[in-house]
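Take a look at the structure below.
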Amino acid sequence: MKRKNKIMALGALLVATLSSNAVMAQNPASDPDNKLGWTLNEDVSDEFEGNQINKDKWIVQGENDHYENNFKGRAPSQFAPHAVSVRDGQLVITTRWEPDFNFISGKHKGYKFENITTGAIITKKKFKTGYMEIKCKPADAPLSSAFWFTGKGGELDLFEIFGKYPKDKHVEKLYHTSFHDWGKDRKDPLWGKTSWDNKTQLPFRLASDYHVYGCEWGEDFLKLYIDGKLIRCVTKEELGDKWVMHNEQKVWVDNEVFPWKVNPKKEDITEKGVEFLVDYVRVWQRKPSSDITCEMPENILENNDFNNGLEGWDVEGKVKAVDGKGKNEAGKNYVKLSAGKEATISKTVKLKPNTTYILSATARAPMTNMDTIWQNGWLGVKAFGKKGQQPIIKFFKNSWYRQSICFTTGDFANQTYIYFTNKWQKKEVHIDAFELTEVTTDHLSLDGK
């Protein structure tokens with residue numbers, strides 16, 4: 001009897017442990033202990049079990065000739081129902097080279113629908129505010145795998161990931177989030193355009209493996225996460241009329257072609273097609289709380305805004321601090337790297353080993369006309385104890401905008417070298433508001449593992 005009771009007790013303990021682990025797995029990666037009291041919204045969440053898509057939850061674009069929002073695909077690709085399937089507990093969106101497919105006639109933004117079929121799904125129900133998360137492996141091809149949300153007047157693209165980008169390999173590591181403003185008059189030239197975006201270069205190719213991408217949408221803030229780690233928080237107050245998240249949203253998951261960036265050829269898409277693999281889509285919600293803030297970790301860089309001129313910074317070439325309007329157009333200083341010669345502003349910074357950091361800056365290339373003239377500046381970091389890693393990100397717009405680099409130091413790292421340069425083009429560029437912050441959550445690693 002004692003032996004039997006002991007076996008039963010061990011069995012009960014095992015069941016309790018497994019149950020506890022299952023509950024943990026259902027919590028957001030950003031809050032694994034569910035300290036904020038999240039509840040899963042099952043209407044707009046899916047584990048993709050079974051052998052077919054759940055039609056009670058999802059609209060499959062093109063099925064029964066129905067296209068939500070009249071969006072039939074981004075030509076030359078077209079959404080096709082057979083591109084969407086469920087296999088081994090995953091959503092599979094397959095992009096194929098199928099020139100014999102019965103494509104619709106007409107054009108989309110100047111391109112014919114031809115050769116490429118792909119897929120999209122959209123939730124039938126909507127939600128407002130919450131924490132949205134997807135675990136996935138983007139298609140390893142020159143396509144955009146996307147997780148996004150649409151509602152009246154606005155759109156949030158949590159990510160649009162290029163698995164391959166021949167023109168610039170750094171784009172294959174880029175985690176890009178954006179707002180689109182659909183609330184303006186259709187005649188307004190800014191209708192549907194990007195009103196705000198955030199670009200962070202990560203330490204790995206995003207299509208090489210599965211990662212968890214998350215976002216907390218509050219009434220007046222947006223927090224972005226990668227593998228459970230907070231990389232950016234922005235507020236409604238900060239963005240002003242660029243904020244578009246006013247109404248309920250539907251969830252979208254799809255593969256698209258962006259032909260003005262890269263137009264796939266037959267050899268880019270394998271004979272069996274390329275797959276966007278999604279382990280789950282989950283949306284949690286909670287009661288609003290005034291205790292939730294949008295504070296990021298402290299900026300460890302001194303004189304990051306150049307209000308003390310170039311104090312504490314090293315310069316090469318023709319570099320000067322300018323008294324004028326900085327990134328906030330509030331009379332703050334910025335730094336000008338002049339045209340004609342190589343110019344660089346840099347700083348060596350003490351860091352901790354085995355620690356993840358976010359390096360950000362706000363910059364512009366004032367002579368770019370966004371049409372025929374494109375001039376660049378580059379933000380970079382190196383010598384942080386990771387062999388072969390010298391991440392760099394390009395700035396090219398003529399208005400101030402912010403971009404970031406995420407990196408994790410090595411076992412014996414104690415410092416790093418950060419810089420902004422015009423070295424490769426020798427054109428005029430402006431830089432302001434450097435930030436270097438430590439990512440403090442410690443339950444996950446950002447090493448691509």
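Labels used: A, B, ... for chains in the order of the structure tokens, numbers from 1 for residues in each chain, and numbers from 1 for ligands as shown.
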
Which residues are near A:Asn27? Cut-off 10 Å, only C-alpha atoms, ignore same chain within fewer than 5 positions. Put them as a ChimeraX atom specification. /A:22,32-35,37-40,282,284

Write the residues of the preceding selection, restricted to C-alpha atoms, as a PDB file, in the first residue's frame.
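New file part15.pdb:
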ATOM      1  CA  ALA A  22       1.668  24.365 -19.546  1.00  0.00           C
ATOM      2  CA  PRO A  32       6.398  34.569 -17.881  1.00  0.00           C
ATOM      3  CA  ASP A  33       5.087  34.668 -14.302  1.00  0.00           C
ATOM      4  CA  ASN A  34       2.001  36.635 -15.393  1.00  0.00           C
ATOM      5  CA  LYS A  35       2.538  39.323 -12.775  1.00  0.00           C
ATOM      6  CA  GLY A  37      -2.689  39.277 -14.745  1.00  0.00           C
ATOM      7  CA  TRP A  38      -3.026  38.549 -18.469  1.00  0.00           C
ATOM      8  CA  THR A  39      -5.953  36.515 -19.804  1.00  0.00           C
ATOM      9  CA  LEU A  40      -5.716  34.804 -23.184  1.00  0.00           C
ATOM     10  CA  ARG A 282      -1.580  34.637 -29.012  1.00  0.00           C
ATOM     11  CA  TRP A 284      -3.672  38.451 -24.071  1.00  0.00           C
TER      12      TRP A 284
END

Exercise: A:Lys287 partners within 12 Å, only C-alpha atoms, chain neighbours under 3 positions left out, as a PyMOL selection string: chain A and resi 36-39+128-131+218-219+284+290-292

Could you turn the residues from that selection into a file that holds all heavy atoms, as a JSON list (two decimals), in the first residue's frame?
[["chain", "number", "residue", "atom", "x", "y", "z"],
["A", 36, "LEU", "N", 1.23, 40.63, -14.35],
["A", 36, "LEU", "CA", 0.28, 41.68, -14.73],
["A", 36, "LEU", "C", -1.15, 41.15, -14.89],
["A", 36, "LEU", "O", -2.06, 41.91, -15.19],
["A", 36, "LEU", "CB", 0.72, 42.36, -16.02],
["A", 36, "LEU", "CG", 2.04, 43.12, -15.94],
["A", 36, "LEU", "CD1", 2.41, 43.71, -17.30],
["A", 36, "LEU", "CD2", 1.97, 44.23, -14.90],
["A", 37, "GLY", "N", -1.34, 39.83, -14.72],
["A", 37, "GLY", "CA", -2.69, 39.28, -14.74],
["A", 37, "GLY", "C", -3.29, 39.17, -16.14],
["A", 37, "GLY", "O", -4.47, 39.51, -16.33],
["A", 38, "TRP", "N", -2.53, 38.68, -17.10],
["A", 38, "TRP", "CA", -3.03, 38.55, -18.47],
["A", 38, "TRP", "C", -4.00, 37.38, -18.61],
["A", 38, "TRP", "O", -3.85, 36.35, -17.97],
["A", 38, "TRP", "CB", -1.87, 38.30, -19.43],
["A", 38, "TRP", "CG", -0.88, 39.42, -19.52],
["A", 38, "TRP", "CD1", 0.37, 39.48, -18.95],
["A", 38, "TRP", "CD2", -1.05, 40.66, -20.22],
["A", 38, "TRP", "NE1", 0.98, 40.67, -19.25],
["A", 38, "TRP", "CE2", 0.14, 41.41, -20.03],
["A", 38, "TRP", "CE3", -2.08, 41.20, -20.98],
["A", 38, "TRP", "CZ2", 0.32, 42.67, -20.59],
["A", 38, "TRP", "CZ3", -1.90, 42.46, -21.53],
["A", 38, "TRP", "CH2", -0.72, 43.18, -21.34],
["A", 39, "THR", "N", -5.00, 37.58, -19.46],
["A", 39, "THR", "CA", -5.95, 36.51, -19.80],
["A", 39, "THR", "C", -5.93, 36.33, -21.31],
["A", 39, "THR", "O", -6.05, 37.30, -22.07],
["A", 39, "THR", "CB", -7.38, 36.89, -19.36],
["A", 39, "THR", "OG1", -7.39, 37.08, -17.94],
["A", 39, "THR", "CG2", -8.36, 35.79, -19.74],
["A", 128, "LYS", "N", -9.21, 45.14, -28.73],
["A", 128, "LYS", "CA", -8.62, 46.46, -28.50],
["A", 128, "LYS", "C", -7.73, 46.43, -27.27],
["A", 128, "LYS", "O", -8.17, 46.06, -26.19],
["A", 128, "LYS", "CB", -9.70, 47.53, -28.32],
["A", 128, "LYS", "CG", -9.13, 48.94, -28.23],
["A", 128, "LYS", "CD", -10.22, 50.01, -28.15],
["A", 128, "LYS", "CE", -9.59, 51.40, -28.10],
["A", 128, "LYS", "NZ", -10.61, 52.45, -27.96],
["A", 129, "THR", "N", -6.49, 46.80, -27.45],
["A", 129, "THR", "CA", -5.40, 46.81, -26.47],
["A", 129, "THR", "C", -5.11, 45.40, -25.98],
["A", 129, "THR", "O", -5.97, 44.53, -25.95],
["A", 129, "THR", "CB", -5.67, 47.75, -25.27],
["A", 129, "THR", "OG1", -6.72, 47.21, -24.47],
["A", 129, "THR", "CG2", -6.01, 49.14, -25.75],
["A", 130, "GLY", "N", -3.86, 45.18, -25.60],
["A", 130, "GLY", "CA", -3.45, 43.87, -25.13],
["A", 130, "GLY", "C", -2.00, 43.61, -25.47],
["A", 130, "GLY", "O", -1.25, 44.50, -25.90],
["A", 131, "TYR", "N", -1.60, 42.37, -25.25],
["A", 131, "TYR", "CA", -0.25, 41.94, -25.59],
["A", 131, "TYR", "C", -0.36, 40.90, -26.71],
["A", 131, "TYR", "O", -1.01, 39.87, -26.56],
["A", 131, "TYR", "CB", 0.45, 41.34, -24.37],
["A", 131, "TYR", "CG", 1.85, 40.85, -24.69],
["A", 131, "TYR", "CD1", 2.94, 41.72, -24.65],
["A", 131, "TYR", "CD2", 2.07, 39.53, -25.07],
["A", 131, "TYR", "CE1", 4.21, 41.28, -24.97],
["A", 131, "TYR", "CE2", 3.35, 39.09, -25.38],
["A", 131, "TYR", "CZ", 4.41, 39.97, -25.34],
["A", 131, "TYR", "OH", 5.67, 39.54, -25.66],
["A", 218, "GLY", "N", -1.08, 49.55, -25.33],
["A", 218, "GLY", "CA", -1.90, 50.18, -24.32],
["A", 218, "GLY", "C", -2.67, 51.34, -24.91],
["A", 218, "GLY", "O", -2.46, 51.72, -26.06],
["A", 219, "GLU", "N", -3.53, 51.92, -24.14],
["A", 219, "GLU", "CA", -4.31, 53.07, -24.62],
["A", 219, "GLU", "C", -3.40, 54.22, -25.05],
["A", 219, "GLU", "O", -3.72, 54.97, -25.97],
["A", 219, "GLU", "CB", -5.29, 53.55, -23.56],
["A", 219, "GLU", "CG", -6.46, 52.62, -23.33],
["A", 219, "GLU", "CD", -7.51, 52.70, -24.44],
["A", 219, "GLU", "OE1", -7.35, 53.54, -25.34],
["A", 219, "GLU", "OE2", -8.48, 51.92, -24.39],
["A", 284, "TRP", "N", -3.21, 38.38, -25.45],
["A", 284, "TRP", "CA", -3.67, 38.45, -24.07],
["A", 284, "TRP", "C", -4.22, 39.84, -23.78],
["A", 284, "TRP", "O", -3.79, 40.82, -24.40],
["A", 284, "TRP", "CB", -2.54, 38.18, -23.09],
["A", 284, "TRP", "CG", -1.98, 36.81, -23.07],
["A", 284, "TRP", "CD1", -2.34, 35.76, -22.26],
["A", 284, "TRP", "CD2", -0.89, 36.30, -23.85],
["A", 284, "TRP", "NE1", -1.57, 34.65, -22.49],
["A", 284, "TRP", "CE2", -0.67, 34.95, -23.48],
["A", 284, "TRP", "CE3", -0.09, 36.85, -24.86],
["A", 284, "TRP", "CZ2", 0.33, 34.17, -24.05],
["A", 284, "TRP", "CZ3", 0.90, 36.06, -25.44],
["A", 284, "TRP", "CH2", 1.10, 34.75, -25.04],
["A", 290, "SER", "N", -2.81, 52.09, -13.99],
["A", 290, "SER", "CA", -2.00, 53.31, -14.03],
["A", 290, "SER", "C", -0.56, 53.05, -13.62],
["A", 290, "SER", "O", 0.30, 53.92, -13.73],
["A", 290, "SER", "CB", -2.62, 54.36, -13.11],
["A", 290, "SER", "OG", -2.69, 53.86, -11.78],
["A", 291, "ASP", "N", -0.29, 51.82, -13.11],
["A", 291, "ASP", "CA", 1.07, 51.49, -12.68],
["A", 291, "ASP", "C", 1.98, 51.15, -13.85],
["A", 291, "ASP", "O", 3.20, 51.10, -13.69],
["A", 291, "ASP", "CB", 1.04, 50.29, -11.72],
["A", 291, "ASP", "CG", 0.29, 50.59, -10.44],
["A", 291, "ASP", "OD1", 0.24, 51.78, -10.07],
["A", 291, "ASP", "OD2", -0.24, 49.66, -9.83],
["A", 292, "ILE", "N", 1.41, 50.89, -15.03],
["A", 292, "ILE", "CA", 2.22, 50.52, -16.18],
["A", 292, "ILE", "C", 2.82, 51.78, -16.79],
["A", 292, "ILE", "O", 2.10, 52.72, -17.13],
["A", 292, "ILE", "CB", 1.37, 49.77, -17.23],
["A", 292, "ILE", "CG1", 0.64, 48.59, -16.58],
["A", 292, "ILE", "CG2", 2.25, 49.29, -18.38],
["A", 292, "ILE", "CD1", 1.56, 47.58, -15.92]]

Within 12 Å of stretch 181-187 of chain A, counting only C-alpha atoms, which residues qualify if same-chain residues fewer than 5 places away don't, as JSON, numbers by chain? {"A": [150, 151, 152, 153, 154, 155, 156, 157, 192, 193, 194, 195, 196, 197, 241, 242, 243, 244, 245, 246, 247]}

Expected file contents, prior selection, C-alpha atoms, as a tab-separated table (two decimals), in the first residue's frame:
chain	number	residue	atom	x	y	z
A	150	THR	CA	-5.79	46.65	-38.99
A	151	GLY	CA	-8.72	48.64	-37.68
A	152	LYS	CA	-10.67	51.74	-38.50
A	153	GLY	CA	-8.25	54.52	-39.40
A	154	GLY	CA	-5.01	52.74	-38.57
A	155	GLU	CA	-2.62	49.84	-39.10
A	156	LEU	CA	0.16	48.40	-36.95
A	157	ASP	CA	2.76	46.25	-38.69
A	192	GLY	CA	-2.05	55.10	-45.83
A	193	LYS	CA	1.58	56.16	-45.56
A	194	THR	CA	3.92	55.28	-42.72
A	195	SER	CA	3.32	57.74	-39.90
A	196	TRP	CA	5.91	56.20	-37.54
A	197	ASP	CA	8.32	53.31	-37.58
A	241	ASP	CA	-1.00	62.84	-34.57
A	242	LYS	CA	1.26	60.01	-35.76
A	243	TRP	CA	-0.50	57.68	-33.29
A	244	VAL	CA	-3.08	55.55	-35.14
A	245	MET	CA	-4.13	52.87	-32.63
A	246	HIS	CA	-7.51	54.31	-31.67
A	247	ASN	CA	-9.87	51.46	-32.58

Of the residues A:Glu133, A:Asp46, A:Glu216, A:Asp279, which is the one nearest to A:Gly89, using only C-alpha atoms?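 Of A:Glu133, A:Asp46, A:Glu216, A:Asp279, the one nearest A:Gly89, counting only C-alpha atoms, is A:Asp279.
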
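Residues with any atom within 7 Å of A:Trp378, counting only C-alpha atoms and excluding same-chain neighbours fewer than 5 positions away, are Ile392, Ile393, Lys394, Phe395, Phe420, Thr421 and Asn422 of chain A.
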
Just write the chosen residues, all heavy atoms, as an mmCIF file, in the first residue's frame.
data_model
loop_
_atom_site.group_PDB
_atom_site.id
_atom_site.type_symbol
_atom_site.label_atom_id
_atom_site.label_comp_id
_atom_site.auth_asym_id
_atom_site.auth_seq_id
_atom_site.Cartn_x
_atom_site.Cartn_y
_atom_site.Cartn_z
ATOM 1 N N ILE A 392 26.041 47.240 -38.264
ATOM 2 C CA ILE A 392 25.952 48.606 -38.771
ATOM 3 C C ILE A 392 24.574 48.793 -39.394
ATOM 4 O O ILE A 392 24.005 47.833 -39.941
ATOM 5 C CB ILE A 392 27.083 48.863 -39.790
ATOM 6 C CG1 ILE A 392 27.179 50.352 -40.148
ATOM 7 C CG2 ILE A 392 26.939 48.000 -41.021
ATOM 8 C CD1 ILE A 392 28.446 50.684 -40.910
ATOM 9 N N ILE A 393 24.029 50.008 -39.293
ATOM 10 C CA ILE A 393 22.719 50.267 -39.876
ATOM 11 C C ILE A 393 22.763 51.605 -40.610
ATOM 12 O O ILE A 393 23.407 52.548 -40.154
ATOM 13 C CB ILE A 393 21.604 50.242 -38.795
ATOM 14 C CG1 ILE A 393 20.217 50.152 -39.431
ATOM 15 C CG2 ILE A 393 21.706 51.416 -37.837
ATOM 16 C CD1 ILE A 393 19.123 49.781 -38.429
ATOM 17 N N LYS A 394 22.095 51.658 -41.761
ATOM 18 C CA LYS A 394 22.185 52.804 -42.662
ATOM 19 C C LYS A 394 21.037 53.780 -42.451
ATOM 20 O O LYS A 394 19.887 53.393 -42.321
ATOM 21 C CB LYS A 394 22.172 52.294 -44.112
ATOM 22 C CG LYS A 394 22.245 53.381 -45.163
ATOM 23 C CD LYS A 394 22.463 52.780 -46.556
ATOM 24 C CE LYS A 394 21.290 51.958 -47.026
ATOM 25 N NZ LYS A 394 21.497 51.416 -48.373
ATOM 26 N N PHE A 395 21.349 55.080 -42.457
ATOM 27 C CA PHE A 395 20.364 56.165 -42.451
ATOM 28 C C PHE A 395 20.387 56.840 -43.819
ATOM 29 O O PHE A 395 21.465 57.107 -44.363
ATOM 30 C CB PHE A 395 20.701 57.200 -41.379
ATOM 31 C CG PHE A 395 20.454 56.760 -39.966
ATOM 32 C CD1 PHE A 395 21.356 55.924 -39.322
ATOM 33 C CD2 PHE A 395 19.331 57.179 -39.280
ATOM 34 C CE1 PHE A 395 21.140 55.521 -38.015
ATOM 35 C CE2 PHE A 395 19.104 56.778 -37.974
ATOM 36 C CZ PHE A 395 20.007 55.944 -37.331
ATOM 37 N N PHE A 420 29.267 56.991 -35.567
ATOM 38 C CA PHE A 420 28.419 57.386 -36.687
ATOM 39 C C PHE A 420 29.345 58.007 -37.722
ATOM 40 O O PHE A 420 30.208 58.821 -37.391
ATOM 41 C CB PHE A 420 27.347 58.381 -36.259
ATOM 42 C CG PHE A 420 26.335 58.666 -37.335
ATOM 43 C CD1 PHE A 420 25.269 57.803 -37.547
ATOM 44 C CD2 PHE A 420 26.462 59.773 -38.155
ATOM 45 C CE1 PHE A 420 24.337 58.054 -38.549
ATOM 46 C CE2 PHE A 420 25.538 60.034 -39.157
ATOM 47 C CZ PHE A 420 24.483 59.160 -39.356
ATOM 48 N N THR A 421 29.175 57.615 -39.004
ATOM 49 C CA THR A 421 30.139 58.018 -40.020
ATOM 50 C C THR A 421 29.477 58.283 -41.366
ATOM 51 O O THR A 421 28.396 57.753 -41.649
ATOM 52 C CB THR A 421 31.223 56.926 -40.180
ATOM 53 O OG1 THR A 421 32.243 57.377 -41.072
ATOM 54 C CG2 THR A 421 30.631 55.626 -40.709
ATOM 55 N N ASN A 422 30.167 59.072 -42.198
ATOM 56 C CA ASN A 422 29.789 59.246 -43.607
ATOM 57 C C ASN A 422 30.839 58.603 -44.518
ATOM 58 O O ASN A 422 30.896 58.880 -45.715
ATOM 59 C CB ASN A 422 29.624 60.727 -43.958
ATOM 60 C CG ASN A 422 30.967 61.462 -44.036
ATOM 61 O OD1 ASN A 422 32.021 60.927 -43.658
ATOM 62 N ND2 ASN A 422 30.959 62.700 -44.507
#
